>>> print(open('target.csv').read())   # CSV, N, CA and C atoms
chain,number,residue,atom,x,y,z
G,1,MET,N,54.9,78.5,28.2
G,1,MET,CA,54.2,79.8,28.1
G,1,MET,C,55.2,81.0,28.5
G,2,ASP,N,56.5,80.9,28.0
G,2,ASP,CA,57.4,81.9,28.3
G,2,ASP,C,57.0,83.2,27.8
G,3,GLY,N,57.2,84.3,28.6
G,3,GLY,CA,56.8,85.6,28.2
G,3,GLY,C,55.4,86.0,28.4
G,4,TRP,N,54.6,85.2,29.1
G,4,TRP,CA,53.2,85.5,29.4
G,4,TRP,C,53.1,85.9,30.9
G,5,VAL,N,52.1,86.7,31.2
G,5,VAL,CA,51.9,87.2,32.6
G,5,VAL,C,50.4,86.9,32.9
G,6,GLU,N,50.2,86.3,34.1
G,6,GLU,CA,48.9,86.0,34.5
G,6,GLU,C,48.4,87.0,35.6
G,7,PHE,N,47.3,87.6,35.3
G,7,PHE,CA,46.7,88.5,36.3
G,7,PHE,C,45.4,87.8,36.8
G,8,LYS,N,45.0,88.2,38.0
G,8,LYS,CA,43.7,87.7,38.5
G,8,LYS,C,42.8,89.0,38.6
G,9,THR,N,41.5,88.9,38.3
G,9,THR,CA,40.6,90.0,38.5
G,9,THR,C,40.2,90.0,40.0
G,10,GLU,N,39.5,91.0,40.4
G,10,GLU,CA,39.0,91.0,41.8
G,10,GLU,C,38.0,89.9,42.0
G,11,ASP,N,37.4,89.5,40.9
G,11,ASP,CA,36.4,88.4,41.0
G,11,ASP,C,37.1,87.0,40.9
G,12,GLY,N,38.4,87.0,40.8
G,12,GLY,CA,39.2,85.7,40.8
G,12,GLY,C,39.3,85.1,39.4
G,13,VAL,N,38.9,85.8,38.4
G,13,VAL,CA,39.0,85.4,37.0
G,13,VAL,C,40.5,85.5,36.5
G,14,ARG,N,41.0,84.5,35.9
G,14,ARG,CA,42.4,84.5,35.4
G,14,ARG,C,42.5,85.2,34.0
G,15,VAL,N,43.4,86.2,33.9
G,15,VAL,CA,43.6,86.9,32.6
G,15,VAL,C,45.1,86.8,32.3
G,16,VAL,N,45.4,86.2,31.2
G,16,VAL,CA,46.8,86.0,30.7
G,16,VAL,C,47.1,86.9,29.6
G,17,VAL,N,48.2,87.7,29.7
G,17,VAL,CA,48.6,88.6,28.6
G,17,VAL,C,50.0,88.3,28.3
G,18,GLU,N,50.4,88.7,27.1
G,18,GLU,CA,51.7,88.6,26.6
G,18,GLU,C,52.6,89.6,27.4
G,19,GLY,N,53.7,89.1,27.9
G,19,GLY,CA,54.6,90.0,28.7
G,19,GLY,C,55.3,91.0,27.8
G,20,VAL,N,55.7,92.1,28.4
G,20,VAL,CA,56.3,93.2,27.6
G,20,VAL,C,57.9,93.1,27.7
G,21,GLU,N,58.5,93.7,26.7
G,21,GLU,CA,60.0,93.7,26.7
G,21,GLU,C,60.4,95.0,27.3
G,22,ASP,N,61.5,95.0,28.0
G,22,ASP,CA,62.0,96.2,28.6
G,22,ASP,C,62.9,96.9,27.5
G,23,GLU,N,63.5,98.0,27.9
G,23,GLU,CA,64.4,98.8,27.0
G,23,GLU,C,65.5,98.0,26.4
G,24,ASP,N,66.0,97.0,27.1
G,24,ASP,CA,67.1,96.3,26.6
G,24,ASP,C,66.7,95.1,25.7
G,25,GLY,N,65.4,94.9,25.6
G,25,GLY,CA,64.9,93.7,24.8
G,25,GLY,C,64.7,92.5,25.7
G,26,ALA,N,65.0,92.6,27.0
G,26,ALA,CA,64.8,91.4,27.8
G,26,ALA,C,63.3,91.2,28.1
G,27,ARG,N,62.9,89.9,28.1
G,27,ARG,CA,61.5,89.6,28.4
G,27,ARG,C,61.4,88.8,29.7
G,28,LEU,N,60.2,89.0,30.3
G,28,LEU,CA,59.9,88.3,31.5
G,28,LEU,C,59.8,86.8,31.2
G,29,VAL,N,60.5,86.0,31.9
G,29,VAL,CA,60.4,84.5,31.7
G,29,VAL,C,59.8,83.9,32.9
G,30,SER,N,58.7,83.1,32.7
G,30,SER,CA,58.1,82.4,33.8
G,30,SER,C,58.9,81.3,34.3
G,31,ARG,N,58.6,81.0,35.6
G,31,ARG,CA,59.3,79.9,36.3
G,31,ARG,C,58.3,78.7,36.3
G,32,GLY,N,58.8,77.6,35.9
G,32,GLY,CA,57.9,76.4,35.8
G,32,GLY,C,57.2,76.3,34.5
G,33,ASP,N,56.1,75.7,34.5
G,33,ASP,CA,55.4,75.4,33.2
G,33,ASP,C,54.3,76.4,32.9
G,34,GLY,N,54.1,77.5,33.6
G,34,GLY,CA,53.0,78.4,33.4
G,34,GLY,C,53.5,79.8,33.3
G,35,PRO,N,52.5,80.7,33.1
G,35,PRO,CA,52.9,82.2,33.0
G,35,PRO,C,53.4,82.7,34.3
G,36,ALA,N,54.2,83.8,34.3
G,36,ALA,CA,54.6,84.5,35.5
G,36,ALA,C,53.3,85.1,36.1
G,37,ARG,N,53.3,85.1,37.4
G,37,ARG,CA,52.1,85.7,38.1
G,37,ARG,C,52.3,87.1,38.5
G,38,ALA,N,51.4,88.0,38.2
G,38,ALA,CA,51.5,89.4,38.5
G,38,ALA,C,51.3,89.6,40.0
G,39,ALA,N,51.9,90.6,40.6
G,39,ALA,CA,51.9,90.9,42.0
G,39,ALA,C,50.5,91.6,42.4
G,40,ARG,N,49.9,92.2,41.4
G,40,ARG,CA,48.7,93.0,41.7
G,40,ARG,C,47.5,92.4,40.8
G,41,THR,N,46.3,92.7,41.2
G,41,THR,CA,45.1,92.3,40.5
G,41,THR,C,45.1,93.1,39.1
G,42,PHE,N,44.3,92.6,38.2
G,42,PHE,CA,44.2,93.2,36.9
G,42,PHE,C,43.7,94.7,37.1
G,43,GLU,N,42.6,94.8,38.0
G,43,GLU,CA,42.1,96.1,38.2
G,43,GLU,C,43.1,97.1,38.8
G,44,ASP,N,43.8,96.6,39.9
G,44,ASP,CA,44.9,97.4,40.5
G,44,ASP,C,45.9,97.9,39.5
G,45,SER,N,46.2,97.0,38.6
G,45,SER,CA,47.3,97.3,37.5
G,45,SER,C,46.8,98.4,36.6
G,46,LEU,N,45.5,98.5,36.4
G,46,LEU,CA,45.0,99.6,35.5
G,46,LEU,C,44.7,100.9,36.2
G,47,ASP,N,44.8,101.0,37.5
G,47,ASP,CA,44.5,102.2,38.3
G,47,ASP,C,45.3,103.4,37.7
G,48,GLY,N,46.6,103.2,37.4
G,48,GLY,CA,47.3,104.4,36.9
G,48,GLY,C,46.9,104.9,35.6
G,49,VAL,N,46.5,104.0,34.7
G,49,VAL,CA,45.9,104.4,33.4
G,49,VAL,C,44.6,105.1,33.6
G,50,ARG,N,43.8,104.6,34.5
G,50,ARG,CA,42.5,105.2,34.8
G,50,ARG,C,42.7,106.6,35.3
G,51,ALA,N,43.6,106.8,36.2
G,51,ALA,CA,43.9,108.1,36.8
G,51,ALA,C,44.4,109.1,35.7
G,52,ALA,N,45.3,108.5,34.8
G,52,ALA,CA,45.8,109.4,33.6
G,52,ALA,C,44.6,109.8,32.7
G,53,ALA,N,43.7,108.9,32.5
G,53,ALA,CA,42.5,109.2,31.6
G,53,ALA,C,41.7,110.2,32.3
G,54,ALA,N,41.4,110.1,33.6
G,54,ALA,CA,40.6,111.1,34.3
G,54,ALA,C,41.2,112.5,34.3
G,55,SER,N,42.5,112.5,34.5
G,55,SER,CA,43.2,113.8,34.4
G,55,SER,C,43.2,114.4,33.1
G,56,ALA,N,43.4,113.6,32.0
G,56,ALA,CA,43.3,114.1,30.7
G,56,ALA,C,41.9,114.6,30.3
G,57,LEU,N,40.9,113.9,30.7
G,57,LEU,CA,39.5,114.4,30.5
G,57,LEU,C,39.3,115.7,31.2
G,58,ARG,N,39.7,115.8,32.4
G,58,ARG,CA,39.5,117.1,33.1
G,58,ARG,C,40.2,118.3,32.4
G,59,VAL,N,41.4,118.0,31.9
G,59,VAL,CA,42.1,119.1,31.1
G,59,VAL,C,41.3,119.5,29.9
G,60,PHE,N,40.8,118.6,29.1
G,60,PHE,CA,40.1,118.9,27.9
G,60,PHE,C,38.7,119.4,28.1
G,61,ARG,N,38.0,118.8,29.1
G,61,ARG,CA,36.6,119.2,29.3
G,61,ARG,C,36.5,120.6,30.1
G,62,ASP,N,37.4,120.8,31.0
G,62,ASP,CA,37.2,122.0,31.9
G,62,ASP,C,38.0,123.2,31.4
G,63,GLY,N,38.7,123.1,30.3
G,63,GLY,CA,39.5,124.2,29.7
G,63,GLY,C,38.6,125.1,28.9
G,64,SER,N,39.3,126.0,28.2
G,64,SER,CA,38.6,127.0,27.4
G,64,SER,C,38.0,126.4,26.1
G,65,LEU,N,38.4,125.2,25.7
G,65,LEU,CA,38.0,124.6,24.4
G,65,LEU,C,36.5,124.2,24.5
G,66,ARG,N,36.1,123.6,25.6
G,66,ARG,CA,34.7,123.1,25.8
G,66,ARG,C,34.2,122.3,24.6
G,67,PRO,N,34.8,121.2,24.3
G,67,PRO,CA,34.3,120.3,23.2
G,67,PRO,C,33.0,119.6,23.6
G,68,ASP,N,32.2,119.2,22.6
G,68,ASP,CA,31.0,118.4,22.9
G,68,ASP,C,31.4,117.0,23.3
G,69,SER,N,32.5,116.5,22.7
G,69,SER,CA,33.0,115.1,23.1
G,69,SER,C,34.5,115.1,23.1
G,70,VAL,N,35.0,114.2,24.0
G,70,VAL,CA,36.4,114.0,24.1
G,70,VAL,C,36.6,112.5,23.9
G,71,GLU,N,37.6,112.1,23.1
G,71,GLU,CA,37.9,110.7,22.9
G,71,GLU,C,39.4,110.5,23.2
G,72,LEU,N,39.8,109.7,24.1
G,72,LEU,CA,41.2,109.4,24.5
G,72,LEU,C,41.5,108.0,24.1
G,73,GLU,N,42.7,107.8,23.5
G,73,GLU,CA,43.2,106.5,23.2
G,73,GLU,C,44.6,106.3,23.8
G,74,PHE,N,44.7,105.4,24.7
G,74,PHE,CA,46.0,105.0,25.3
G,74,PHE,C,46.5,103.7,24.8
G,75,GLY,N,47.7,103.5,24.4
G,75,GLY,CA,48.3,102.2,24.2
G,75,GLY,C,48.7,101.7,25.6
G,76,VAL,N,48.3,100.6,26.0
G,76,VAL,CA,48.6,100.1,27.3
G,76,VAL,C,49.4,98.7,27.2
G,77,LYS,N,50.5,98.7,28.0
G,77,LYS,CA,51.2,97.4,28.1
G,77,LYS,C,51.1,96.9,29.5
G,78,LEU,N,51.1,95.6,29.7
G,78,LEU,CA,50.9,95.0,31.0
G,78,LEU,C,52.2,94.3,31.4
G,79,SER,N,52.6,94.5,32.7
G,79,SER,CA,53.8,93.9,33.1
G,79,SER,C,53.6,93.3,34.5
G,80,ALA,N,54.2,92.2,34.8
G,80,ALA,CA,54.0,91.6,36.1
G,80,ALA,C,54.5,92.5,37.3
G,81,GLU,N,55.6,93.2,37.1
G,81,GLU,CA,56.1,94.1,38.1
G,81,GLU,C,55.4,95.4,38.1
G,82,ALA,N,55.3,96.1,37.0
G,82,ALA,CA,54.8,97.5,36.9
G,82,ALA,C,53.3,97.6,36.8
G,83,GLY,N,52.6,96.5,36.4
G,83,GLY,CA,51.2,96.6,36.2
G,83,GLY,C,51.0,97.1,34.8
G,84,ALA,N,50.0,98.0,34.6
G,84,ALA,CA,49.7,98.6,33.3
G,84,ALA,C,50.5,99.9,33.1
G,85,VAL,N,51.2,100.1,32.0
G,85,VAL,CA,51.9,101.3,31.7
G,85,VAL,C,51.5,101.8,30.3
G,86,ILE,N,51.5,103.1,30.2
G,86,ILE,CA,51.1,103.7,28.9
G,86,ILE,C,52.3,103.4,27.9
G,87,ALA,N,51.9,102.7,26.8
G,87,ALA,CA,52.9,102.2,25.9
G,87,ALA,C,53.5,103.3,25.0
G,88,LYS,N,54.7,103.1,24.7
G,88,LYS,CA,55.4,104.0,23.8
G,88,LYS,C,55.0,103.7,22.4
G,89,GLY,N,54.6,104.7,21.6
G,89,GLY,CA,54.2,104.4,20.2
G,89,GLY,C,55.4,104.9,19.4
G,90,SER,N,55.1,105.4,18.2
G,90,SER,CA,56.2,105.8,17.3
G,90,SER,C,56.9,107.1,17.8
G,91,ALA,N,56.2,107.8,18.7
G,91,ALA,CA,56.8,109.0,19.3
G,91,ALA,C,57.3,108.5,20.7
G,92,GLU,N,57.4,109.4,21.7
G,92,GLU,CA,57.9,109.0,23.0
G,92,GLU,C,56.8,108.4,23.9
G,93,GLY,N,55.6,108.7,23.6
G,93,GLY,CA,54.5,108.2,24.4
G,93,GLY,C,53.3,108.0,23.5
G,94,HIS,N,52.3,107.2,23.9
G,94,HIS,CA,51.1,106.9,23.1
G,94,HIS,C,49.9,107.5,23.7
G,95,LEU,N,49.4,108.6,23.2
G,95,LEU,CA,48.1,109.2,23.7
G,95,LEU,C,47.5,109.9,22.5
G,96,VAL,N,46.4,109.4,22.0
G,96,VAL,CA,45.7,110.1,20.9
G,96,VAL,C,44.4,110.8,21.6
G,97,VAL,N,44.3,112.0,21.2
G,97,VAL,CA,43.1,112.8,21.7
G,97,VAL,C,42.3,113.3,20.6
G,98,ARG,N,41.0,113.1,20.6
G,98,ARG,CA,40.1,113.6,19.6
G,98,ARG,C,39.0,114.4,20.3
G,99,LEU,N,38.9,115.7,19.8
G,99,LEU,CA,37.9,116.6,20.4
G,99,LEU,C,36.9,116.9,19.2
G,100,SER,N,35.7,117.0,19.6
G,100,SER,CA,34.7,117.3,18.5
G,100,SER,C,33.7,118.3,19.0
G,101,TRP,N,33.2,119.1,18.1
G,101,TRP,CA,32.1,120.1,18.4
G,101,TRP,C,31.0,119.9,17.4
G,102,SER,N,29.8,120.0,17.9
G,102,SER,CA,28.6,120.0,17.0
G,102,SER,C,28.4,121.4,16.4
G,103,PRO,N,28.0,121.5,15.2
G,103,PRO,CA,27.8,122.8,14.6
G,103,PRO,C,26.6,123.4,15.3
G,104,GLU,N,26.6,124.7,15.5
G,104,GLU,CA,25.5,125.4,16.2
G,104,GLU,C,24.3,125.4,15.3
G,105,GLN,N,23.2,125.2,15.9
G,105,GLN,CA,21.9,125.2,15.2
G,105,GLN,C,21.5,126.6,14.9
G,106,SER,N,21.2,126.9,13.6
G,106,SER,CA,20.7,128.2,13.3
G,106,SER,C,19.1,128.2,13.5
G,107,PRO,N,18.6,129.4,13.8
G,107,PRO,CA,17.1,129.4,14.0
G,107,PRO,C,16.4,129.0,12.7
G,108,ALA,N,15.3,128.3,12.9
G,108,ALA,CA,14.5,127.8,11.8
G,108,ALA,C,13.9,129.0,11.0
G,109,ARG,N,14.1,128.9,9.7
G,109,ARG,CA,13.5,129.9,8.8
G,109,ARG,C,12.4,129.3,8.0
G,110,PRO,N,11.4,130.1,7.7
G,110,PRO,CA,10.3,129.5,6.8
G,110,PRO,C,10.9,129.3,5.4
G,111,LEU,N,10.5,128.3,4.8
G,111,LEU,CA,10.9,128.0,3.5
G,111,LEU,C,9.8,128.2,2.5
G,112,GLY,N,10.1,128.3,1.2
G,112,GLY,CA,9.1,128.5,0.2
G,112,GLY,C,9.0,129.9,-0.4
G,113,PRO,N,8.3,130.0,-1.5
G,113,PRO,CA,8.3,131.3,-2.2
G,113,PRO,C,7.6,132.4,-1.4
G,114,ASP,N,6.7,132.1,-0.5
G,114,ASP,CA,6.0,133.1,0.3
G,114,ASP,C,6.9,133.6,1.4
G,115,ALA,N,7.9,132.9,1.8
G,115,ALA,CA,8.7,133.3,3.0
G,115,ALA,C,9.5,134.6,2.7
G,116,ALA,N,9.9,134.9,1.5
G,116,ALA,CA,10.7,136.1,1.2
G,116,ALA,C,9.9,137.4,1.5
G,117,GLY,N,8.6,137.4,1.3
G,117,GLY,CA,7.8,138.6,1.5
G,117,GLY,C,7.3,138.7,2.9
G,118,ARG,N,7.5,137.8,3.8
G,118,ARG,CA,7.1,137.9,5.2
G,118,ARG,C,8.1,138.6,6.1
G,119,SER,N,7.6,139.2,7.1
G,119,SER,CA,8.5,139.9,8.0
G,119,SER,C,8.3,139.4,9.4
>>> encode(input="target.csv", output="structure tokens")
Amino acid sequence: MDGWVEFKTEDGVRVVVEGVEDEDGARLVSRGDGPARAARTFEDSLDGVRAAAASALRVFRDGSLRPDSVELEFGVKLSAEAGAVIAKGSAEGHLVVRLSWSPEQSPARPLGPDAAGRS
């Protein structure tokens, strides 16, 4: 299982993920016959990504834009040493933000031929 990293959840469940390559193309190689073991739990490894998402949500929700909904997409890589890191996409970092607004509701108007003559 070369190149695999094993995380444990706080509940003790085993999560195995494919190891990431570093800038030089080197891969983490496990010792023995199993995956390399991560130093932190799966949840602890995701803490940085969770904090980044919370900060991004604050920026977009609390600013002047006031969207009805905010959708964030992070590419995440997992590493035995670093835990979870935001993955580099085709640009220098990978973060997709989608903001949406609902159209304002116009007041209800009476419909039909009689409506034009009413005031």
>>> atom_distance(input="target.csv", atom1="atom N of Arg58 of chain G", atom2="atom C of Val97 of chain G")
12.3 Å
>>> residues_around(input="target.csv", residues="Val16 of chain G", least_positions_apart="2", cutoff="7 Å", atoms="all atoms listed in the file", output="list in words")
Trp4, Val5, Glu6, Phe7, Arg14 and Glu18 of chain G
>>> residues_around(input="target.csv", residues="segment 64-72 of chain G", least_positions_apart="3", cutoff="6 Å", atoms="only N, CA and C atoms", output="VMD selection string")
chain G and resid 60 to 61 96 to 102
>>> write_last_selection(input="target.csv", atoms="N, CA and C atoms", output="CSV table (one decimal), in the coordinates of the input")
chain,number,residue,atom,x,y,z
G,60,PHE,N,40.8,118.6,29.1
G,60,PHE,CA,40.1,118.9,27.9
G,60,PHE,C,38.7,119.4,28.1
G,61,ARG,N,38.0,118.8,29.1
G,61,ARG,CA,36.6,119.2,29.3
G,61,ARG,C,36.5,120.6,30.1
G,96,VAL,N,46.4,109.4,22.0
G,96,VAL,CA,45.7,110.1,20.9
G,96,VAL,C,44.4,110.8,21.6
G,97,VAL,N,44.3,112.0,21.2
G,97,VAL,CA,43.1,112.8,21.7
G,97,VAL,C,42.3,113.3,20.6
G,98,ARG,N,41.0,113.1,20.6
G,98,ARG,CA,40.1,113.6,19.6
G,98,ARG,C,39.0,114.4,20.3
G,99,LEU,N,38.9,115.7,19.8
G,99,LEU,CA,37.9,116.6,20.4
G,99,LEU,C,36.9,116.9,19.2
G,100,SER,N,35.7,117.0,19.6
G,100,SER,CA,34.7,117.3,18.5
G,100,SER,C,33.7,118.3,19.0
G,101,TRP,N,33.2,119.1,18.1
G,101,TRP,CA,32.1,120.1,18.4
G,101,TRP,C,31.0,119.9,17.4
G,102,SER,N,29.8,120.0,17.9
G,102,SER,CA,28.6,120.0,17.0
G,102,SER,C,28.4,121.4,16.4
>>> atom_distance(input="target.csv", atom1="atom CA of Gly12 of chain G", atom2="atom CA of Val85 of chain G")
22.1 Å
>>> closest_residue(input="target.csv", among="G:Ala38, G:Ala87, G:Ala56, G:Ala82", to="Lys8 of chain G", atoms="all atoms listed in the file")
G:Ala38
>>> closest_residue(input="target.csv", among="G:Gly3, G:Gly83, G:Pro103, G:Gly63", to="Phe42 of chain G", atoms="all atoms listed in the file")
G:Gly83
>>> atom_distance(input="target.csv", atom1="atom CA of Gly75 of chain G", atom2="atom CA of Gly34 of chain G")
25.9 Å
>>> residues_around(input="target.csv", residues="Glu10 of chain G", least_positions_apart="6", cutoff="12 Å", atoms="only C-alpha atoms", output="PyMOL selection string")
chain G and resi 40-45
>>> residues_around(input="target.csv", residues="Ala84 of chain G", least_positions_apart="6", cutoff="5 Å", atoms="all atoms listed in the file", output="list in words")
Ser45, Leu46, Lys77 and Leu78 of chain G
>>> closest_residue(input="target.csv", among="G:Leu95, G:Ile86, G:Ala36, G:Asp62", to="Val49 of chain G", atoms="all atoms listed in the file")
G:Ile86
